[in-house]
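This report concerns only the one structure given below.
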Amino acid sequence: MTNSPFNGVSPQAQAISHVFIISLVVLAFILVLVLGLVLFVMIKFRGREGEAEPPQIFGNKKLEITWTVVPGLILVFLFILTVIYANRSDPSVPKGRQPDLVVIAHQWWWELKYPQTGVVTANEIHMPVHKKWLVRIESADVIHSFWVPRLARKMDAIPGHPNHIWLESDSTGTYWGTCSEYCGAQHAGMHIRVIVQNQKDFDAWSNEQQQGPNIPQTGDAAKGQQLFDQLTCLNCHAIKNIGPNLTHVGSRETLASGVITNTPENMARWLHNPQAVKPGCNMPNLYLTNEQVKYLVAYLEASK
Amino acid sequence: MHKDKMIMYMVVATEAVFFTLLILAYLYFHKSSGTGAKQTALLDPLRTFFFSLFLFSSSFTVWRAEKNVDKRNFGRGGFWLLVTILFGATFLVGQGIEWTGLIHHGETVSANLFGTTFFTLTGFHGMHVLVGLIVLSILFGLAVLGDFKNSKTALSVGVFAIYWHFVDIVWVFIFTIVYLGVIS
Amino acid sequence: MTDSNTTTLSAPISLPREYKGLLSWITTIDHKQIGILYLAMTFFYFLVGGIEAIFMRIQLAVPNNTFLSPNSYNEIFTMHGTTMIFLVVMPMLIGFANYLVPLMIGSRDIAFPRLNALGFWLLFFGSLMLYFSFIGGGAPSAGWFSYAPLSEKPYSATPGLDYWALGLLLMGVGTVSTAININVTILKYRVKGMSLKRLPLFVWMVFINGFIILFALPPLNAALVMLLVDRQLYAHFFQAVAGGSAIMWQQYFWAFGHPEVYIMILPAWGMISEIIPVFSRKPIFGYGFVAGSTLAIGVLSFAVYAHHMFAVGLGHPFNIAFAFSSMAIAVPTGIKIFNWIATMWGGRIRFTTSMKYAIAFIVLFTIGGLSGITFAVVPIDWQVTDTYYVVAHFHYVLFGGTLFGIFAGIYYWFPKMTGRLLSEKLGNWHFWLTFIGFNLTFFIQHFVGLLGMPRRVYTYPNLPGWGWMNMVSTIGAFVLGISVLIFLWNIFISLRKGKPAGDNPWEAWTLEWAASSPPAPHNFELVPPVNGRRPLWDLQHPDTPDWKLNKAES
């Protein structure tokens, strides 16, 4: 199904879809009326050569008042809908309610923190189905906007001004989203995935995330882990948070915020030259050798 | 209303909106940044008030200049223009003293939000005073050269006075809000 | 023909020694020449902005395209928006106002001719400063509304944004000075008999517009100044990390930005209100409501701005308040559509190229206006803001609206300005290619936005529908490109060999048509008597002048 606001799978998105359809129907009537009138006058009152001037009519107060009041009433109707549906699609947050998920937007990836379990990951949100989660949305640098069309409204991620939205889904599945506030070079490459699972699967994922990955002690993956520690990767990917947390990157569906799918080939492509895959992103080309890439790929893919 | 005065009022209207927005920025950060109170303690309202008196009086002197020029007393009019320039310049000297004092205490436009908003607001006001002084000097020069016998030039003193009074009124607001701490 | 009501202008003021050629254009202080300078400059930038758009559409024609690098695309879309708004639409309308207002009110020139020239040259040099950025270290690439903190030094290190801010400040001074110049002209230079209630609607719209400009540009200037202080003096207005406020930029910017879109449409409404009556052979239906509703819009336009900020998270009360005002402003905006249709009703419509553009304006502006109303419904905005649905909306109102209005105006007043008619045959081609190309480019963008495509993206993934929809849009852009070439050809050929127009080729009724085509340097020898809104109608129909026909108001 397409990523359309009309394909909502949450109560909030469906509420928006509902008011959208009502509004479009009302406005379509007006459009058809205007189009009809224009076509009618063009045909009926076409001038012909040599005709005398038509009767000079200057106005009609009654008519003008009518076509002021009637649109006014239509807009009152739409306004009432607005108030009702704003509350339905974005209910207020009860006092003291803590967020279930904290999303921190970075140039150009999404940091994800699960306060209850301490899980830290990036770009791909896992959540249980039928649960109404409160998500706090923050930014580490410039203004971004969190948007998953089928699940919820758009909400800006603004430095110094945390925001909250409700996130829930009526069915399992993977829902696509993307950054929706121009944030620089790779605004186009800042996608989101919300992977809605049944409670059992979600718990399994959550437990896996809370433990360290099982990296074999020998072989390419072990050599890769050594390289990861030696080659300053930790600097950006752990200490300074400039790049996403990679503890369990092997289990992700995509890399680079949804720009490429997570396969060993793509991982290698990325490591050889990130700038070729996502030009302008903050990861420099480290000029790794083929061997180094091989080991790192093994390590990272094993980090499930 | 003469067209020259009309357009000057319009210019004043647009500048008034501009200054209002800079003042709003000052007020917003003064409230929200929490540090404003500490920095305003570094200001010297009494000394600034003393120098402000010169600016306020210059509105009176420019009015005298306008009245004299209207009555074709060009000598007197020129004299009052000169006094206006001196008073305006004195005000700017006072601003300079205030600024250097603050900067010596480490209070700069980049130090914190008080500095940012204070220097931007008073800086733009000072710029407007300076532009006014330049125009006043030109008018004074024209007075000395006897150009005011041409009635069009004479009108320009009255038109300029509108601008000058405006600059003065802006300072009343700035002084009241920043130095006297009204509305914060 | 003289009678006691004719106003004779006093002897012409001593004109400076007339220069021929280029020098006369560079040194002119005549409002007509300055108006044409505006039109020439803004048309040039229309081509530049159009080329920028074509580049963007080529890059977006297919998913994951590599025609433009992200940085190049981002610079181009920033410059496209900035150019079209500040260097095309706004000054083109100002150029028309400059040319037409003194003629329409029976005046010799504008109130302050030298200030008028200054206004133009500030715009011109401001534009050069802006475009210099391409070779001066990089064009600005933070979007035409340059949200902070992206626009701050740490995130935009090249001087592009400094050129942008300085260029806009310069241009802004020029715009405001011209607007107040025109307004003083309207207040002080109307010929005897032309009360404010008898002003041509174009003049009314320009007049109200002048006040909007007066109050809307200062917030932009304040914001730009604050941005420059942040960038150049290391201050903190918009840096949250130092206690500043990113949202403050948005508040100040949109306090300008929303009135700005009205600045960009009011004069076009004025043009339509002149053109439709003439080609329907009837007066405007409901002059009072058309003028009055525009006055209401002038005031209300400052009260709706935060509908651009519904997704910022400023709380329900704030959002609902602005939803209310945004819906309120739709009423005075919409009723004009009915006034224009009622003007055509019962008329004898002449389908000149100008009229075709005017009728198309009504339809396309309605579409843009209605999609605009969907944004006022806050929850809908939460889904569609920052998507291609918005891009479609504003192109419908600005291109389908304003630009179609401008084309109507060009075909209508070109004869007055040059003495020659534009070719109707080429005009017909131009119109249809523009109409088809425009709708092909932008209608489908509503849908790709509703499929989740955000705006300001240099590329997009191969999601269902996105690819072919973007391709359709790109094809439309090329059709538009061809239409512009035809238009250029029409101008070129008509300047040389166009049919001589005479004073009043359209049998119109406002004062500019009493001057020769082109008008003499001092505009009029004698201004016809003004006893109503249509002085030339009254002159041509001495038995049935307006003041006899229209008991309600004159």
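Labeling convention for the structure tokens: chains A, B, ... as they appear, residues from 1 per chain, ligands from 1 in order of appearance.
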
_If the cut-off is 7 Å, can you tell me the residues of chain A near chain C, counting only C-alpha atoms? I'd like them as an MDAnalysis selection string._
chainID A and resid 2:5 16 20 23 27 31 35 38 41 45:47 53:54 56:60 67:68 71:72 75 79 82:83 85:86 89 142 149 153:156 159:160 163 180:185 187:188 279

Sort by chain and increasing residue number a table of all residues of range 64-180 of chain B within 6 Å of range 51-58 of chain B, each with its closest pair of atoms and their distance in Å to one decimal, counting only C-alpha atoms, and write it as a Markdown table.
| residue | atom | partner | partner_atom | distance |
| --- | --- | --- | --- | --- |
| B:Thr84 | CA | B:Ser58 | CA | 4.9 |
| B:Phe87 | CA | B:Phe54 | CA | 5.1 |
| B:Gly88 | CA | B:Leu55 | CA | 5.6 |
| B:Phe91 | CA | B:Phe51 | CA | 5.1 |
| B:Gly94 | CA | B:Phe51 | CA | 5.6 |

*asked:* Neighbouring residues of range 39-50 of chain C were defined as those with any atom within 10 Å, considering only C-alpha atoms; residues of the same chain fewer than 2 positions away were excluded. Please report them as an MDAnalysis selection string.
replied: chainID C and resid 33:37 52:56 76:77 79:96 99 120 123:124 127 410 477 480:481 484:485 488

*Mind the document's chain letters and residue numbers, and return as a PyMOL selection string the residues of range 91-157 of chain B that DSSP labels helix (DSSP H, G or I).*
chain B and resi 91-104+113-144+147-149+151-157

*asked:* Can you work out which residues from chain B touch chain C at a cut-off of 8 Å (counting only C-alpha atoms) and hand them back as a list in words?
replied: Lys3, Met6, Ile7, Met10, Val11, Ala13, Thr14, Glu15, Val17, Phe18, Leu21, Leu22, Phe29, Ser33, Val109, Ser110, Ala111, Asn112, Leu113, Thr116, Thr117 and Thr120 of chain B

Could you take the residues named above and write them with N, CA and C atoms, as a short mmCIF file (atom, residue, chain, number, x, y, z; two decimals), in the first residue's frame?
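selection-v7.cif, freshly written:
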data_model
loop_
_atom_site.label_atom_id
_atom_site.label_comp_id
_atom_site.auth_asym_id
_atom_site.auth_seq_id
_atom_site.Cartn_x
_atom_site.Cartn_y
_atom_site.Cartn_z
N LYS B 3 3.65 66.42 0.16
CA LYS B 3 4.04 65.06 -0.19
C LYS B 3 5.33 64.65 0.49
N MET B 6 4.50 63.58 3.88
CA MET B 6 3.72 62.34 3.82
C MET B 6 4.65 61.14 3.68
N ILE B 7 5.61 61.25 2.79
CA ILE B 7 6.47 60.09 2.56
C ILE B 7 7.38 59.86 3.76
N MET B 10 5.58 57.86 6.23
CA MET B 10 5.53 56.45 5.83
C MET B 10 6.86 55.76 6.16
N VAL B 11 7.96 56.45 5.90
CA VAL B 11 9.26 55.87 6.24
C VAL B 11 9.33 55.61 7.74
N ALA B 13 6.87 55.05 9.70
CA ALA B 13 6.02 53.91 10.04
C ALA B 13 6.75 52.60 9.84
N THR B 14 7.46 52.47 8.73
CA THR B 14 8.14 51.21 8.47
C THR B 14 9.31 51.01 9.45
N GLU B 15 9.98 52.07 9.79
CA GLU B 15 11.06 51.96 10.76
C GLU B 15 10.53 51.62 12.15
N VAL B 17 8.03 49.74 12.86
CA VAL B 17 7.81 48.29 12.92
C VAL B 17 9.14 47.57 13.12
N PHE B 18 10.16 48.01 12.41
CA PHE B 18 11.49 47.40 12.51
C PHE B 18 12.00 47.46 13.95
N LEU B 21 10.21 45.21 16.44
CA LEU B 21 10.62 43.80 16.40
C LEU B 21 11.94 43.57 17.10
N LEU B 22 12.86 44.53 17.00
CA LEU B 22 14.12 44.37 17.73
C LEU B 22 13.88 44.46 19.23
N PHE B 29 14.11 37.49 24.99
CA PHE B 29 15.28 36.82 25.55
C PHE B 29 15.58 37.28 26.96
N SER B 33 15.95 33.95 28.79
CA SER B 33 17.32 33.46 28.96
C SER B 33 17.72 33.44 30.42
N VAL B 109 28.58 41.52 21.97
CA VAL B 109 27.42 41.05 21.22
C VAL B 109 27.40 39.52 21.14
N SER B 110 28.57 38.90 21.26
CA SER B 110 28.62 37.45 21.14
C SER B 110 28.72 36.74 22.48
N ALA B 111 28.80 37.52 23.58
CA ALA B 111 29.01 36.87 24.88
C ALA B 111 27.77 36.09 25.30
N ASN B 112 26.62 36.70 25.22
CA ASN B 112 25.39 36.04 25.65
C ASN B 112 24.21 36.77 25.00
N LEU B 113 22.99 36.32 25.35
CA LEU B 113 21.83 36.90 24.66
C LEU B 113 21.54 38.33 25.07
N THR B 116 23.80 40.21 22.78
CA THR B 116 23.30 40.14 21.42
C THR B 116 22.16 41.12 21.20
N THR B 117 21.16 41.05 22.08
CA THR B 117 19.99 41.90 21.86
C THR B 117 20.26 43.35 22.18
N THR B 120 22.52 44.96 19.41
CA THR B 120 21.81 45.08 18.14
C THR B 120 20.81 46.23 18.22
#

*So which bits of range 88-259 of chain A end up strand (DSSP E or B) when you DSSP the backbone, as a PyMOL selection string?*
chain A and resi 101-106+109-114+119-122+124-128+133-139+144-147+155-158+161+163-167+173-179+191-197+254-255

*Nearby residues (only C-alpha atoms) at most 12 Å from Trp270 in chain A, same-chain spacing under 2 positions excluded, as a PyMOL selection string*: chain A and resi 254-256+259-268+272-279+281+283-288+293-294+296-297

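Using only C-alpha atoms for every distance, the candidate list A:Trp109, A:Tyr295, A:Phe228, A:Phe40 yields A:Trp109 as the residue closest to Ser145 in chain A.
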
*For the atom pair CA of Asp168 in chain B and CA of Val173 in chain C, what is the interatomic distance in Å to one decimal place?*
22.2 Å

_Pick from B:Arg76, B:Leu43, B:Phe124, B:Ser32 nearest to chain A, counting only C-alpha atoms_ = B:Ser32

*Tell me which of B:Val135, B:Leu102, B:Met1, B:Leu82 sits closest to Phe160 in chain B, counting only C-alpha atoms.*
B:Val135

*Which residues come within 10 Å of Gly77 in chain B, counting only C-alpha atoms, excluding same-chain residues fewer than 6 positions away, as a PyMOL selection string?*
chain B and resi 61-71+140+143-144+148+154+157

I need the residues from that last selection saved to file as a CSV table (one decimal), in the first residue's frame (with C-alpha atoms), if you can.
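Contents of again17.csv, as written:
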chain,number,residue,atom,x,y,z
B,61,THR,CA,16.3,72.4,19.2
B,62,VAL,CA,15.4,70.9,15.8
B,63,TRP,CA,11.9,72.2,16.3
B,64,ARG,CA,13.3,75.7,16.9
B,65,ALA,CA,15.4,75.3,13.8
B,66,GLU,CA,12.3,74.4,11.8
B,67,LYS,CA,10.2,77.3,13.2
B,68,ASN,CA,13.0,79.8,12.4
B,69,VAL,CA,13.5,78.6,8.9
B,70,ASP,CA,9.7,78.7,8.3
B,71,LYS,CA,9.8,82.4,9.4
B,140,PHE,CA,23.6,73.1,8.2
B,143,ALA,CA,22.0,77.0,5.6
B,144,VAL,CA,25.5,78.5,5.7
B,148,PHE,CA,17.3,78.1,2.3
B,154,ALA,CA,13.5,75.2,3.7
B,157,VAL,CA,14.1,70.9,7.7

*How many Å lie between CA of Phe67 in chain C and CA of Thr178 in chain A, rounded to one decimal?*
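That distance, rounded to one decimal, is 22.4 Å.
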
*List the neighbours of Ile165 in chain A out to 10 Å using only C-alpha atoms; skip same-chain residues closer than 5 positions along the sequence, and give me the result as a PyMOL selection string.*
(chain A and resi 89-93+99+133-137+146+152-155) or (chain C and resi 313)

Preceding selection exported with C-alpha atoms as a CSV table (one decimal), in the first residue's frame:
chain,number,residue,atom,x,y,z
A,89,SER,CA,-5.6,13.2,15.7
A,90,ASP,CA,-3.3,14.8,18.3
A,91,PRO,CA,-4.8,14.2,21.7
A,92,SER,CA,-3.3,16.1,24.6
A,93,VAL,CA,-0.5,14.5,26.7
A,99,PRO,CA,7.7,9.1,26.6
A,133,TRP,CA,3.2,5.2,22.5
A,134,LEU,CA,4.2,8.7,23.4
A,135,VAL,CA,7.2,9.8,21.4
A,136,ARG,CA,9.4,12.8,22.3
A,137,ILE,CA,11.0,14.4,19.4
A,146,PHE,CA,9.5,13.5,11.9
A,152,ALA,CA,0.8,10.0,12.5
A,153,ARG,CA,1.0,13.7,11.9
A,154,LYS,CA,4.2,15.5,11.0
A,155,MET,CA,6.0,17.0,14.0
C,313,GLY,CA,4.4,22.3,18.0
